[in-house]
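Raw target-v1.csv, CSV, C-alpha atoms:
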chain,number,residue,atom,x,y,z
A,1,MET,CA,-19.6,-1.5,-10.9
A,2,SER,CA,-22.0,-1.3,-13.8
A,3,LEU,CA,-24.7,1.3,-13.8
A,4,PRO,CA,-28.3,0.2,-13.9
A,5,THR,CA,-30.1,0.7,-17.2
A,6,PRO,CA,-32.5,3.6,-16.9
A,7,ALA,CA,-36.2,3.0,-17.6
A,8,LEU,CA,-36.5,6.1,-19.8
A,9,PHE,CA,-34.3,8.2,-21.9
A,10,THR,CA,-33.7,11.7,-20.4
A,11,GLY,CA,-32.4,14.7,-22.3
A,12,HIS,CA,-29.4,16.6,-21.2
A,13,HIS,CA,-29.2,20.3,-20.3
A,14,THR,CA,-26.5,22.8,-21.0
A,15,GLU,CA,-25.4,22.9,-17.4
A,16,GLU,CA,-24.7,19.2,-17.5
A,17,ILE,CA,-22.7,19.6,-20.7
A,18,ARG,CA,-20.5,22.2,-19.0
A,19,ALA,CA,-19.9,19.7,-16.3
A,20,LEU,CA,-18.5,17.3,-18.8
A,21,ALA,CA,-15.4,19.4,-18.8
A,22,SER,CA,-14.6,18.1,-15.4
A,23,MET,CA,-14.9,14.5,-16.5
A,24,GLN,CA,-11.9,12.4,-16.6
A,25,GLU,CA,-10.6,11.9,-20.1
A,26,GLU,CA,-10.8,8.1,-19.9
A,27,ALA,CA,-14.5,8.2,-18.9
A,28,LEU,CA,-15.3,10.8,-21.5
A,29,LYS,CA,-13.6,8.7,-24.2
A,30,LYS,CA,-15.6,5.6,-23.1
A,31,LEU,CA,-18.8,7.5,-23.2
A,32,ALA,CA,-18.0,8.8,-26.7
A,33,LEU,CA,-17.0,5.4,-28.0
A,34,ASN,CA,-20.2,3.8,-26.6
A,35,MET,CA,-22.2,6.5,-28.4
A,36,ASN,CA,-20.4,5.7,-31.7
A,37,TYR,CA,-21.1,2.1,-31.1
A,38,LEU,CA,-24.8,2.7,-30.6
A,39,ASN,CA,-25.0,4.8,-33.7
A,40,ASP,CA,-23.6,2.0,-35.7
A,41,LEU,CA,-26.5,-0.1,-34.5
A,42,VAL,CA,-29.0,2.2,-36.2
A,43,PRO,CA,-27.6,2.8,-39.6
A,44,ILE,CA,-28.9,5.2,-42.2
A,45,GLY,CA,-31.2,3.3,-44.5
A,46,LYS,CA,-32.6,1.1,-41.7
A,47,ILE,CA,-36.2,0.3,-42.1
A,48,LEU,CA,-38.2,1.0,-39.0
A,49,ILE,CA,-41.3,-1.1,-38.5
A,50,TRP,CA,-43.4,1.0,-36.2
A,51,GLN,CA,-46.7,0.6,-34.5
A,52,GLU,CA,-47.5,4.2,-35.1
A,53,ASN,CA,-51.2,4.1,-34.1
A,54,GLN,CA,-50.6,2.7,-30.6
A,55,ILE,CA,-51.8,5.3,-28.2
A,56,GLY,CA,-48.9,6.9,-26.4
A,57,VAL,CA,-46.1,6.2,-28.8
A,58,GLY,CA,-45.8,9.9,-29.7
A,59,LEU,CA,-44.4,11.3,-32.9
A,60,LEU,CA,-41.6,10.1,-35.0
A,61,SER,CA,-38.7,12.5,-35.6
A,62,GLN,CA,-39.1,13.8,-39.2
A,63,ASP,CA,-35.4,14.6,-39.0
A,64,VAL,CA,-34.5,11.0,-38.6
A,65,TYR,CA,-37.1,9.0,-40.3
A,66,GLN,CA,-39.2,9.3,-43.5
A,67,ARG,CA,-42.2,7.2,-44.4
A,68,CYS,CA,-41.6,4.5,-47.0
A,69,ASP,CA,-44.1,5.7,-49.5
A,70,GLY,CA,-42.0,6.6,-52.4
A,71,THR,CA,-41.7,10.3,-51.5
A,72,GLU,CA,-38.6,12.3,-52.4
A,73,ILE,CA,-35.9,12.7,-49.7
A,74,THR,CA,-35.3,16.4,-49.4
A,75,HIS,CA,-33.9,16.8,-45.9
A,76,PRO,CA,-30.9,19.1,-46.5
A,77,LEU,CA,-28.6,17.1,-44.1
A,78,SER,CA,-29.5,13.6,-45.3
A,79,PRO,CA,-26.9,11.8,-47.3
A,80,LEU,CA,-29.8,10.1,-49.1
A,81,ARG,CA,-31.3,13.3,-50.3
A,82,THR,CA,-32.0,14.4,-53.8
A,83,ILE,CA,-28.9,16.1,-55.3
A,84,GLY,CA,-29.4,18.2,-58.5
A,85,VAL,CA,-31.0,16.1,-61.1
A,86,PHE,CA,-30.5,12.9,-59.2
A,87,ALA,CA,-33.8,12.6,-57.4
A,88,ARG,CA,-33.9,10.1,-54.6
A,89,PHE,CA,-36.9,8.6,-52.9
A,90,THR,CA,-37.9,6.4,-50.1
A,91,PRO,CA,-38.9,2.9,-51.2
A,92,ASN,CA,-42.6,2.7,-51.8
A,93,MET,CA,-43.8,-0.1,-49.6
A,94,THR,CA,-47.5,0.8,-49.8
A,95,GLU,CA,-49.7,-2.3,-49.9
A,96,LYS,CA,-46.6,-4.5,-49.9
A,97,TYR,CA,-45.5,-7.4,-47.6
A,98,LEU,CA,-41.9,-7.3,-46.4
A,99,ARG,CA,-39.7,-10.0,-47.9
A,100,PHE,CA,-36.1,-10.8,-47.3
A,101,SER,CA,-33.8,-10.6,-50.2
A,102,SER,CA,-30.5,-12.4,-50.5
A,103,SER,CA,-29.2,-9.9,-52.9
A,104,LYS,CA,-27.7,-6.7,-51.7
A,105,THR,CA,-28.6,-5.0,-54.9
A,106,SER,CA,-32.1,-6.2,-55.0
A,107,ASN,CA,-34.6,-3.7,-53.7
A,108,GLY,CA,-37.3,-4.7,-56.1
A,109,THR,CA,-40.9,-5.4,-55.8
A,110,GLY,CA,-42.9,-8.2,-57.1
A,111,GLY,CA,-45.8,-10.5,-56.5
A,112,SER,CA,-49.4,-9.8,-56.8
A,113,GLN,CA,-52.7,-10.5,-55.1
A,114,GLU,CA,-54.5,-10.8,-58.4
A,115,PHE,CA,-54.5,-14.3,-59.8
A,116,ASP,CA,-55.8,-15.6,-63.1
A,117,PHE,CA,-57.5,-18.9,-62.3
A,118,THR,CA,-58.9,-19.3,-65.7
A,119,HIS,CA,-58.8,-22.9,-66.6
A,120,ASP,CA,-60.5,-25.4,-68.9
A,121,HIS,CA,-62.2,-28.6,-68.1
A,122,GLY,CA,-62.3,-29.5,-71.7
A,123,ALA,CA,-64.5,-27.9,-74.3
A,124,GLU,CA,-67.3,-30.3,-73.7
A,125,THR,CA,-68.3,-33.3,-71.8
A,126,GLY,CA,-67.5,-36.6,-73.4
A,127,PRO,CA,-69.9,-38.2,-75.8
A,128,ASP,CA,-72.5,-40.1,-73.9
A,129,THR,CA,-75.1,-42.5,-75.1
A,130,PRO,CA,-78.2,-42.4,-73.0
A,131,SER,CA,-78.7,-45.7,-71.2
A,132,GLY,CA,-82.4,-45.7,-70.8
A,133,PRO,CA,-84.6,-48.5,-71.6
A,134,LEU,CA,-84.5,-50.1,-75.0
A,135,ALA,CA,-87.0,-49.2,-77.6
A,136,LEU,CA,-90.2,-51.0,-77.2
A,137,GLU,CA,-90.7,-51.6,-80.8
A,138,GLU,CA,-93.6,-53.9,-80.2
A,139,ASP,CA,-95.5,-50.9,-78.8
A,140,GLY,CA,-94.5,-48.7,-81.7
A,141,ASP,CA,-92.0,-46.9,-79.6
A,142,ARG,CA,-89.0,-46.2,-81.7
A,143,ARG,CA,-86.7,-44.4,-79.2
A,144,ILE,CA,-83.1,-44.1,-80.3
A,145,ARG,CA,-80.0,-43.4,-78.3
A,146,VAL,CA,-78.3,-40.3,-79.6
A,147,GLU,CA,-74.7,-39.6,-78.9
A,148,HIS,CA,-74.3,-36.0,-77.7
A,149,THR,CA,-72.1,-33.7,-75.6
A,150,HIS,CA,-72.6,-30.6,-73.6
A,151,SER,CA,-70.3,-27.6,-73.7
A,152,ILE,CA,-68.5,-26.4,-70.6
A,153,GLU,CA,-67.8,-22.7,-70.0
A,154,GLU,CA,-64.6,-21.4,-68.7
A,155,ASN,CA,-64.9,-19.9,-65.3
A,156,LEU,CA,-63.0,-18.6,-62.3
A,157,GLY,CA,-61.0,-15.9,-64.1
A,158,GLU,CA,-59.1,-13.2,-62.4
A,159,VAL,CA,-59.5,-13.2,-58.7
A,160,VAL,CA,-58.2,-10.9,-56.0
A,161,ILE,CA,-57.1,-12.9,-53.0
A,162,ASP,CA,-56.5,-11.3,-49.7
A,163,PHE,CA,-53.8,-13.5,-48.3
A,164,PRO,CA,-51.7,-14.2,-46.4
A,165,ALA,CA,-52.9,-13.2,-43.0
A,166,TYR,CA,-51.4,-9.8,-42.2
A,167,TYR,CA,-51.0,-7.1,-39.7
A,168,GLY,CA,-50.7,-3.5,-40.9
A,169,VAL,CA,-47.5,-1.7,-39.7
A,170,GLY,CA,-45.9,1.6,-40.5
A,171,ALA,CA,-42.6,1.5,-42.4
A,172,PHE,CA,-40.1,4.3,-42.2
A,173,MET,CA,-36.5,4.7,-43.5
A,174,LYS,CA,-33.8,6.3,-41.4
A,175,ILE,CA,-32.5,9.1,-43.6
A,176,LEU,CA,-30.1,10.9,-41.2
B,177,MET,CA,-29.4,16.9,-36.4
B,178,PRO,CA,-27.2,14.1,-37.7
B,179,PHE,CA,-25.1,11.9,-35.5
B,180,THR,CA,-21.6,13.4,-35.1
B,181,GLN,CA,-18.9,10.7,-35.0
B,182,ILE,CA,-16.6,11.5,-32.1
B,183,GLU,CA,-13.0,11.0,-32.9
B,184,GLU,CA,-10.4,10.3,-30.2
B,185,ASP,CA,-8.5,13.5,-30.7
B,186,MET,CA,-11.7,15.4,-29.9
B,187,ILE,CA,-11.5,14.2,-26.3
B,188,GLN,CA,-8.8,16.1,-24.6
B,189,PHE,CA,-9.3,16.9,-21.0
B,190,GLY,CA,-9.4,20.7,-20.5
B,191,ALA,CA,-9.2,21.4,-24.2
B,192,VAL,CA,-11.0,24.3,-25.8
B,193,GLY,CA,-13.2,22.0,-27.7
B,194,SER,CA,-14.8,20.5,-24.6
B,195,THR,CA,-18.0,22.4,-24.8
B,196,GLU,CA,-18.4,21.6,-28.4
B,197,LEU,CA,-17.8,18.0,-27.6
B,198,GLY,CA,-20.4,18.1,-24.9
B,199,VAL,CA,-22.9,19.7,-27.3
B,200,ASN,CA,-22.1,17.0,-29.9
B,201,MET,CA,-22.7,14.3,-27.3
B,202,ARG,CA,-25.9,15.7,-26.2
B,203,GLN,CA,-27.2,15.9,-29.8
B,204,ASN,CA,-25.9,12.4,-30.4
B,205,LEU,CA,-27.8,11.1,-27.5
B,206,LYS,CA,-31.0,12.8,-28.7
B,207,HIS,CA,-30.4,11.4,-32.2
B,208,LEU,CA,-29.9,7.9,-30.9
B,209,SER,CA,-33.0,8.1,-28.7
B,210,GLU,CA,-35.1,9.2,-31.7
B,211,SER,CA,-33.6,6.4,-33.8
B,212,VAL,CA,-35.2,3.7,-31.6
B,213,PRO,CA,-38.7,5.1,-30.9
B,214,VAL,CA,-41.2,3.6,-28.6
B,215,GLY,CA,-43.5,1.4,-30.7
B,216,GLU,CA,-40.8,0.0,-32.9
B,217,ILE,CA,-41.3,-3.6,-33.9
B,218,VAL,CA,-38.1,-5.6,-33.9
B,219,PRO,CA,-37.7,-9.2,-35.1
B,220,ILE,CA,-35.3,-11.1,-32.8
B,221,MET,CA,-33.9,-14.5,-33.3
B,222,VAL,CA,-34.4,-15.7,-29.8
B,223,ASN,CA,-34.0,-19.4,-30.7
B,224,ILE,CA,-30.3,-19.1,-31.5
B,225,PRO,CA,-28.2,-20.3,-28.5
B,226,GLY,CA,-26.5,-17.3,-26.9
B,227,VAL,CA,-29.1,-14.8,-27.9
B,228,PRO,CA,-30.4,-13.3,-24.6
B,229,SER,CA,-34.1,-12.9,-24.0
B,230,PRO,CA,-35.1,-9.3,-24.7
B,231,ASP,CA,-35.3,-7.2,-21.6
B,232,PRO,CA,-39.0,-7.0,-20.8
B,233,LYS,CA,-38.3,-3.5,-19.5
B,234,PHE,CA,-37.9,-2.4,-23.1
B,235,PHE,CA,-39.3,-5.1,-25.3
B,236,LEU,CA,-42.6,-7.1,-25.1
B,237,GLU,CA,-43.5,-9.9,-27.4
B,238,CYS,CA,-46.0,-9.0,-30.0
B,239,ASN,CA,-48.6,-11.6,-29.0
B,240,GLY,CA,-51.3,-9.4,-27.7
B,241,THR,CA,-50.0,-9.3,-24.2
B,242,GLU,CA,-51.1,-6.4,-22.0
B,243,ILE,CA,-48.6,-3.6,-21.4
B,244,LEU,CA,-48.3,-3.2,-17.7
B,245,ASP,CA,-44.8,-1.7,-17.3
B,246,GLU,CA,-45.3,1.3,-15.0
B,247,ASN,CA,-42.8,3.4,-16.9
B,248,SER,CA,-44.1,2.8,-20.4
B,249,LEU,CA,-45.9,5.6,-22.1
B,250,ILE,CA,-48.1,3.0,-23.9
B,251,ARG,CA,-49.1,1.0,-20.8
B,252,SER,CA,-52.6,0.2,-19.7
B,253,THR,CA,-54.3,2.9,-17.8
B,254,PRO,CA,-57.2,2.6,-15.4
B,255,GLY,CA,-59.6,3.6,-18.1
B,256,GLN,CA,-58.1,1.8,-21.0
B,257,ARG,CA,-56.2,-1.5,-21.3
B,258,ARG,CA,-53.5,-1.6,-23.9
B,259,PHE,CA,-51.8,-4.5,-25.5
B,260,THR,CA,-48.9,-5.3,-27.9
B,261,PRO,CA,-50.1,-6.1,-31.4
B,262,ASN,CA,-50.8,-9.8,-31.9
B,263,LEU,CA,-48.7,-10.8,-34.8
B,264,THR,CA,-49.0,-14.5,-34.2
B,265,SER,CA,-49.0,-16.3,-37.6
B,266,ARG,CA,-49.3,-12.9,-39.4
B,267,TYR,CA,-47.1,-11.3,-42.1
B,268,LEU,CA,-46.2,-7.7,-41.8
B,269,LYS,CA,-47.8,-5.5,-44.5
B,270,VAL,CA,-47.5,-1.8,-45.1
B,271,PRO,CA,-51.0,-0.6,-45.6
B,272,ALA,CA,-52.2,2.1,-48.1
B,273,GLY,CA,-52.6,4.6,-45.3
B,274,ALA,CA,-51.4,5.3,-41.8
B,275,GLY,CA,-54.9,4.9,-40.5
B,276,GLN,CA,-54.8,1.3,-41.4
B,277,VAL,CA,-51.8,0.5,-39.3
B,278,GLY,CA,-52.8,-1.8,-36.5
B,279,LEU,CA,-55.5,-3.5,-38.5
B,280,ALA,CA,-55.3,-7.2,-39.2
B,281,GLY,CA,-56.8,-9.0,-42.2
B,282,GLY,CA,-56.3,-11.6,-44.8
B,283,SER,CA,-56.1,-15.3,-44.4
B,284,ASN,CA,-53.4,-18.0,-44.9
B,285,PHE,CA,-56.1,-20.3,-46.2
B,286,TYR,CA,-58.2,-19.6,-49.2
B,287,SER,CA,-61.4,-21.5,-49.5
B,288,ASP,CA,-63.4,-19.8,-52.1
B,289,LEU,CA,-62.3,-21.6,-55.2
B,290,GLU,CA,-65.7,-23.2,-55.7
B,291,HIS,CA,-67.0,-22.4,-59.1
B,292,ASP,CA,-69.4,-23.3,-61.8
B,293,HIS,CA,-68.6,-24.1,-65.3
B,294,GLY,CA,-72.2,-23.9,-66.4
B,295,GLY,CA,-73.3,-26.4,-69.0
B,296,LYS,CA,-75.4,-29.3,-68.3
B,297,THR,CA,-74.7,-32.2,-66.0
B,298,GLY,CA,-76.8,-34.4,-64.0
B,299,VAL,CA,-79.9,-36.2,-65.1
B,300,HIS,CA,-81.6,-34.8,-68.1
B,301,THR,CA,-83.3,-36.0,-71.3
B,302,THR,CA,-82.0,-36.1,-74.9
B,303,THR,CA,-83.7,-33.8,-77.3
B,304,SER,CA,-82.0,-34.3,-80.7
B,305,ASP,CA,-82.0,-36.3,-83.8
B,306,ALA,CA,-85.7,-36.9,-84.0
B,307,ASP,CA,-86.7,-37.9,-87.5
B,308,PRO,CA,-90.4,-38.8,-87.7
B,309,SER,CA,-89.9,-39.5,-91.4
B,310,ASN,CA,-88.0,-42.6,-90.6
B,311,GLY,CA,-90.0,-43.4,-87.6
B,312,THR,CA,-87.6,-42.2,-84.8
B,313,PHE,CA,-88.9,-40.0,-82.1
B,314,ASN,CA,-87.5,-38.1,-79.2
B,315,VAL,CA,-88.4,-39.8,-76.0
B,316,ALA,CA,-87.0,-39.1,-72.6
B,317,PHE,CA,-83.9,-41.0,-72.0
B,318,GLN,CA,-82.6,-40.3,-68.5
B,319,HIS,CA,-78.8,-40.1,-68.3
B,320,ASP,CA,-76.1,-37.9,-66.9
B,321,HIS,CA,-72.7,-36.4,-67.7
B,322,THR,CA,-70.0,-35.9,-65.1
B,323,ILE,CA,-67.4,-33.2,-64.7
B,324,GLU,CA,-64.5,-33.8,-62.5
B,325,ILE,CA,-63.7,-31.6,-59.6
B,326,ASP,CA,-60.1,-30.3,-59.9
B,327,LEU,CA,-59.6,-27.7,-57.2
B,328,ASP,CA,-59.6,-28.2,-53.5
B,329,PHE,CA,-61.9,-26.1,-51.5
B,330,SER,CA,-59.3,-24.9,-48.9
B,331,LEU,CA,-55.8,-24.3,-49.9
B,332,ASN,CA,-52.9,-23.1,-47.7
B,333,MET,CA,-51.6,-20.2,-49.9
B,334,GLU,CA,-48.9,-18.9,-47.6
B,335,PRO,CA,-45.7,-17.7,-49.4
B,336,PRO,CA,-42.4,-19.2,-48.3
B,337,PHE,CA,-41.6,-18.0,-44.8
B,338,TYR,CA,-39.1,-18.1,-42.0
B,339,THR,CA,-40.5,-17.7,-38.5
B,340,LEU,CA,-39.2,-15.0,-36.2
B,341,LYS,CA,-40.3,-13.6,-32.9
B,342,PHE,CA,-41.4,-10.0,-33.0
B,343,TYR,CA,-41.1,-7.6,-30.1
B,344,MET,CA,-42.4,-4.1,-29.6
B,345,ARG,CA,-40.3,-1.5,-27.8
B,346,ILE,CA,-42.4,-0.2,-24.9
B,347,ASN,CA,-39.9,2.1,-23.2

Render the structure in this file as structure tokens.
Amino acid sequence: MSLPTPALFTGHHTEEIRALASMQEEALKKLALNMNYLNDLVPIGKILIWQENQIGVGLLSQDVYQRCDGTEITHPLSPLRTIGVFARFTPNMTEKYLRFSSSKTSNGTGGSQEFDFTHDHGAETGPDTPSGPLALEEDGDRRIRVEHTHSIEENLGEVVIDFPAYYGVGAFMKIL
Amino acid sequence: MPFTQIEEDMIQFGAVGSTELGVNMRQNLKHLSESVPVGEIVPIMVNIPGVPSPDPKFFLECNGTEILDENSLIRSTPGQRRFTPNLTSRYLKVPAGAGQVGLAGGSNFYSDLEHDHGGKTGVHTTTSDADPSNGTFNVAFQHDHTIEIDLDFSLNMEPPFYTLKFYMRIN
């Protein structure tokens, strides 16, 4: 018979651990294997997307996760930590959107929210001959039609665009 | 503490290492629990045949739904209603500071490309080439010049995307 899934995780006390000694080997082995299995589901390097400001979520374990803000990984037990001159850092995701990469080696950044919309409608409007009434020479009116153009300025240069629609989330990397 | 991989030879009934094994398992459980914190947002491909619906006891869809599960630490209380974040049609963005987590903004449409190139268009009068010596004069000739519009006023500027369902861990 399968056990029901508990609603909450509950810690274990030393007395309970001592009681493990009386467990049957097979059951103990199964428990351990399940634990190994679960650990493989949350690998080191995993990026945790976390709603950290939600009231009630508590604190994140600093032993397990570090914020993805480009800070150095110094936890002494982390395999991702700085060793000697080889400094290692969490990825800096500040002000970035998350994007899937098909390349295993690509952890790069890119894109921008600043765009240069500078463009040109032509230096000037085309020559135009006014199409008003003809000169009324008989009245001494000697109007002429003068070909002329008007210059056009460039406009809409660099623009910062706040898109796409987003929701701010915390990003953390599993370091241990 | 890091997760301690438990090898088969560590499990021997009645062996001296039993207590050590127990301690390792306790620490492992704590580690695993901390690895999947309440509030985690998880994308799940629920549309693939065979993928089960996430257990609502643990995961609620991030569509602004109220958190009512009685065991959840982040559930609504009599004095304060609480909801999952509404991520509908939104991209996930890591803000500059933790204080901005939970804030929404931006737009998938941009509609402020209207602009002015200056210059003169529309009806106006000519003012050049007058030469009274040969009997020509400037007189108002009404005419206009046109400039073509070349940018739409509302563009969908979403980057390439793939839609997923997002769920938040509530327990």

### Task
Tell me, as a PyMOL selection string, which residues lie within 12 Å of Pro336 (chain B), counting only C-alpha atoms; anything in the same chain fewer than 6 positions away does not count.
(chain A and resi 99-100+164) or (chain B and resi 267+284)

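Atom pair CA of Ile175 (chain A) / CA of Gly84 (chain A) has a distance of 17.7 Å (rounded to one decimal).
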
### Query
Using only C-alpha atoms, which residues sit within 10 Å of region 248-251 of chain B once same-chain residues fewer than 3 positions away are excluded, as a PyMOL selection string?
(chain A and resi 7-8+54-58) or (chain B and resi 214-215+233-234+242-245+254+256-260+345-347)

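Among the candidate residues A:Phe172, A:Phe117, A:Phe89, A:Tyr166, the one lying nearest to Pro261 (chain B) is A:Tyr166, with distances computed using only C-alpha atoms.
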
### Task
Would you kindly return, as a ChimeraX atom specification, each protein, DNA or RNA residue with an atom no farther than 8 Å from any atom of Val270 (chain B), considering all atoms listed in the file and excluding same-chain residues fewer than 5 positions away?
/A:93-98,168-171 /B:277

Mind writing the picked residues with C-alpha atoms as a compact mmCIF listing (two decimals), keeping the file's coordinate frame?
# COMPACT_ATOMS: atom_id res chain seq x y z
CA MET A 93 -43.80 -0.10 -49.60
CA THR A 94 -47.50 0.80 -49.80
CA GLU A 95 -49.70 -2.30 -49.90
CA LYS A 96 -46.60 -4.50 -49.90
CA TYR A 97 -45.50 -7.40 -47.60
CA LEU A 98 -41.90 -7.30 -46.40
CA GLY A 168 -50.70 -3.50 -40.90
CA VAL A 169 -47.50 -1.70 -39.70
CA GLY A 170 -45.90 1.60 -40.50
CA ALA A 171 -42.60 1.50 -42.40
CA VAL B 277 -51.80 0.50 -39.30

### Message
Using all atoms listed in the file, can you tell me which of A:Thr71, A:Asn39, A:Asn92, A:Gln66 comes closest to chain B?
### Response
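Looking at the shortest contact to chain B, the residue is A:Asn39.
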